[in-house]
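Reviewing the structure listed below.
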Amino acid sequence: MNRCIRGSKRQISTSCIRHTLWSFMDTPEPSSVYRYAQDHSIDEPPQIAQIRKNAVSQNPSEAQKMISPLQGAFLSHLVCTQRAKNVLELGCYKGYSACWLAHGLLSQRSQASPRLWTCERDLEIAQVAQRNVRDAGYDSVVQVVPKAAQDVLESWDLAIKLDMIFVDANKASYKSYYDTILDRDLLSKGGQIVIDNVLLHGRVHTALDAAVESKKITLAQKIAEFNRHVAEDSRTIQTLLPAFDGLLLVRKR
């Protein structure tokens, strides 16, 4: 989940619902609404919190690629209530979201041998993620795959159906990921795709009408086109939530 930092005090410009989209960063202070929501949600496990704290201390700007603790709690809850067994994450970064997903998998006492695959194309970052996963105690569940997301989807073993795919990789490739998942029938019966950053700091809903030529506008236009592609796809049913930086939940009909 991305954030824009402005000014010397690192004031964070959130995307859609300002009160609920506080970043994981320690400053500025979260809104009272966000704090209330966090206080009434599952606690961030200390071993997962350590990954976040280390990332912020090493490079605050880069660390903003990570999801927030509240979004992690949401994903963990989603995995658990769906009773998912096999989960794939596209876009690993340092393993923070993977650990949250693994936490949800392991919360299901009746689910035997849950598995999570998370892919990261940058080999150096993949090694960091693998170390973080191991140090957090989730290496029995999580496998870090040092490959690009599209390559992982195209080479996926069709015998292994996926209960959830969390998409947080290259935003410009969202349509390709989505179509590959459906064309290759990678989802299990009742499986779903959860796609992050589909509102891109509130820029997407007006992107197709925008004439400004810039990298961010171009990316927003691509995401807007992707959202429309999914909405018009008769193969799926979708709900786009204006939470965090926009979450798109998709399941097959």
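Labeling convention for the structure tokens: chains A, B, ... as they appear, residues from 1 per chain, ligands from 1 in order of appearance.
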Quick one: DSSP strand (DSSP E or B) residues in segment 31-225 of chain A, as a ChimeraX atom specification?
/A:86-90,115-119,142-145,162-167,187-196
If you keep N, CA, C and O atoms, can you produce a file of those selected residues as a tab-separated table (two decimals), in the first residue's frame?
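Just written: again-v5.tsv:
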chain	number	residue	atom	x	y	z
A	86	ASN	N	-4.50	-22.98	0.36
A	86	ASN	CA	-3.43	-22.61	-0.55
A	86	ASN	C	-3.59	-21.16	-0.97
A	86	ASN	O	-4.61	-20.79	-1.56
A	87	VAL	N	-2.57	-20.35	-0.68
A	87	VAL	CA	-2.63	-18.91	-0.95
A	87	VAL	C	-1.38	-18.52	-1.74
A	87	VAL	O	-0.27	-18.98	-1.44
A	88	LEU	N	-1.57	-17.67	-2.73
A	88	LEU	CA	-0.47	-17.12	-3.51
A	88	LEU	C	-0.48	-15.60	-3.37
A	88	LEU	O	-1.52	-14.97	-3.51
A	89	GLU	N	0.70	-15.03	-3.11
A	89	GLU	CA	0.86	-13.59	-3.06
A	89	GLU	C	1.76	-13.15	-4.20
A	89	GLU	O	2.87	-13.65	-4.35
A	90	LEU	N	1.28	-12.20	-4.98
A	90	LEU	CA	2.08	-11.62	-6.07
A	90	LEU	C	2.62	-10.29	-5.59
A	90	LEU	O	1.87	-9.33	-5.42
A	115	ARG	N	-0.50	-23.69	2.96
A	115	ARG	CA	0.69	-23.27	2.23
A	115	ARG	C	0.49	-21.88	1.64
A	115	ARG	O	-0.60	-21.54	1.16
A	116	LEU	N	1.57	-21.10	1.67
A	116	LEU	CA	1.56	-19.77	1.07
A	116	LEU	C	2.81	-19.61	0.22
A	116	LEU	O	3.92	-19.83	0.70
A	117	TRP	N	2.61	-19.24	-1.02
A	117	TRP	CA	3.71	-18.91	-1.92
A	117	TRP	C	3.69	-17.40	-2.14
A	117	TRP	O	2.63	-16.82	-2.43
A	118	THR	N	4.84	-16.76	-2.00
A	118	THR	CA	4.91	-15.33	-2.24
A	118	THR	C	6.09	-15.06	-3.17
A	118	THR	O	7.19	-15.59	-2.97
A	119	CYS	N	5.87	-14.28	-4.22
A	119	CYS	CA	6.92	-14.10	-5.22
A	119	CYS	C	7.49	-12.69	-5.20
A	119	CYS	O	6.79	-11.72	-4.93
A	142	VAL	N	5.41	-20.60	4.61
A	142	VAL	CA	5.66	-19.65	3.53
A	142	VAL	C	6.86	-20.06	2.70
A	142	VAL	O	7.94	-20.35	3.23
A	143	GLN	N	6.69	-20.05	1.40
A	143	GLN	CA	7.79	-20.25	0.46
A	143	GLN	C	7.96	-18.98	-0.37
A	143	GLN	O	7.03	-18.57	-1.07
A	144	VAL	N	9.12	-18.37	-0.29
A	144	VAL	CA	9.43	-17.18	-1.09
A	144	VAL	C	9.95	-17.65	-2.45
A	144	VAL	O	10.94	-18.36	-2.53
A	145	VAL	N	9.27	-17.23	-3.50
A	145	VAL	CA	9.63	-17.63	-4.86
A	145	VAL	C	10.32	-16.45	-5.55
A	145	VAL	O	9.69	-15.43	-5.80
A	162	LEU	N	-5.81	-22.62	-6.05
A	162	LEU	CA	-5.55	-21.58	-5.05
A	162	LEU	C	-6.85	-21.02	-4.48
A	162	LEU	O	-7.77	-20.66	-5.21
A	163	ASP	N	-6.90	-20.94	-3.16
A	163	ASP	CA	-8.09	-20.43	-2.48
A	163	ASP	C	-8.10	-18.91	-2.45
A	163	ASP	O	-9.17	-18.29	-2.40
A	164	MET	N	-6.92	-18.31	-2.45
A	164	MET	CA	-6.82	-16.86	-2.50
A	164	MET	C	-5.54	-16.45	-3.21
A	164	MET	O	-4.49	-17.08	-3.03
A	165	ILE	N	-5.65	-15.41	-4.01
A	165	ILE	CA	-4.47	-14.80	-4.63
A	165	ILE	C	-4.50	-13.32	-4.26
A	165	ILE	O	-5.44	-12.61	-4.61
A	166	PHE	N	-3.48	-12.88	-3.54
A	166	PHE	CA	-3.36	-11.47	-3.16
A	166	PHE	C	-2.41	-10.80	-4.14
A	166	PHE	O	-1.24	-11.19	-4.25
A	167	VAL	N	-2.91	-9.81	-4.87
A	167	VAL	CA	-2.15	-9.17	-5.93
A	167	VAL	C	-1.67	-7.79	-5.46
A	167	VAL	O	-2.49	-6.91	-5.20
A	187	LEU	N	-7.92	-20.73	-9.73
A	187	LEU	CA	-8.66	-20.64	-8.47
A	187	LEU	C	-9.41	-21.92	-8.15
A	187	LEU	O	-9.93	-22.60	-9.04
A	188	SER	N	-9.50	-22.21	-6.87
A	188	SER	CA	-10.33	-23.32	-6.42
A	188	SER	C	-11.80	-22.89	-6.46
A	188	SER	O	-12.11	-21.71	-6.66
A	189	LYS	N	-12.70	-23.83	-6.27
A	189	LYS	CA	-14.11	-23.48	-6.18
A	189	LYS	C	-14.32	-22.60	-4.96
A	189	LYS	O	-13.93	-22.96	-3.84
A	190	GLY	N	-14.85	-21.42	-5.16
A	190	GLY	CA	-15.01	-20.47	-4.06
A	190	GLY	C	-13.79	-19.61	-3.82
A	190	GLY	O	-13.80	-18.76	-2.92
A	191	GLY	N	-12.73	-19.82	-4.60
A	191	GLY	CA	-11.52	-19.03	-4.43
A	191	GLY	C	-11.71	-17.59	-4.89
A	191	GLY	O	-12.62	-17.29	-5.67
A	192	GLN	N	-10.84	-16.72	-4.41
A	192	GLN	CA	-10.99	-15.31	-4.78
A	192	GLN	C	-9.64	-14.64	-4.99
A	192	GLN	O	-8.61	-15.11	-4.52
A	193	ILE	N	-9.71	-13.53	-5.73
A	193	ILE	CA	-8.55	-12.68	-5.97
A	193	ILE	C	-8.76	-11.40	-5.17
A	193	ILE	O	-9.84	-10.80	-5.22
A	194	VAL	N	-7.73	-10.98	-4.44
A	194	VAL	CA	-7.77	-9.72	-3.70
A	194	VAL	C	-6.67	-8.83	-4.27
A	194	VAL	O	-5.50	-9.18	-4.22
A	195	ILE	N	-7.08	-7.69	-4.82
A	195	ILE	CA	-6.14	-6.84	-5.56
A	195	ILE	C	-6.00	-5.50	-4.84
A	195	ILE	O	-7.00	-4.82	-4.57
A	196	ASP	N	-4.77	-5.12	-4.55
A	196	ASP	CA	-4.49	-3.92	-3.76
A	196	ASP	C	-4.22	-2.71	-4.66
A	196	ASP	O	-3.90	-2.84	-5.84
Neighbours of segment 228-238 of chain A within 8 Å (only C-alpha atoms; same-chain residues fewer than 2 positions away dropped), as a list of chain:residue names?
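Answer for this query is A:Lys175, A:Ala224, A:Glu225, A:Phe226, A:Leu240, A:Leu248, A:Leu249, A:Val250, A:Arg251, A:Lys252, A:Arg253.
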Report the residues of segment 40-217 of chain A whose backbone DSSP state falls under helix (DSSP H, G or I), written as JSON, numbers by chain.
{"A": [46, 47, 48, 49, 50, 51, 52, 53, 54, 55, 56, 57, 58, 60, 61, 62, 63, 69, 70, 71, 72, 73, 74, 75, 76, 77, 78, 79, 80, 81, 82, 96, 97, 98, 99, 100, 101, 102, 103, 104, 105, 106, 123, 124, 125, 126, 127, 128, 129, 130, 131, 132, 133, 134, 135, 136, 149, 150, 151, 152, 153, 154, 171, 172, 173, 174, 175, 176, 177, 178, 179, 180, 181, 182, 183, 200, 201, 202, 204, 205, 206, 207, 208, 209, 215, 216, 217]}
Which is closest to Ile125 of chain A among A:Lys94, A:Lys222, A:Lys65, A:His103, if we use only C-alpha atoms?
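Of A:Lys94, A:Lys222, A:Lys65, A:His103, the one nearest Ile125 of chain A, counting only C-alpha atoms, is A:Lys94.
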Pick from A:Ala172, A:Leu241, A:Ala37, A:Cys92, whichever lies nearest to Asn132 of chain A using only C-alpha atoms:
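Among A:Ala172, A:Leu241, A:Ala37, A:Cys92, it is A:Cys92 that comes nearest to Asn132 of chain A.
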Residue contacts of Ser173 of chain A (10 Å, only C-alpha atoms) excluding same-chain residues fewer than 4 positions away, as a PyMOL selection string
chain A and resi 149-150+169+177-178+222-223+226
Find the spatial neighbours of Arg134 of chain A, counting only C-alpha atoms, within a cut-off of 12 Å - ignore same-chain residues fewer than 6 positions away - and output them as a ChimeraX atom specification.
/A:47-48,51,94-96,98-99,102,127-128,140-144
I'd like to know which of A:Asn54, A:Ser97, A:Asn59, A:Ser32 is closest to Leu75 of chain A, using only C-alpha atoms.
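For Leu75 of chain A, the nearest of the candidates is A:Ser97.
Distance annotation: of A:Glu62, A:Glu154, A:Lys161, A:His40, the residue with the minimal separation from Ala84 of chain A is A:Lys161; atom set is only C-alpha atoms.
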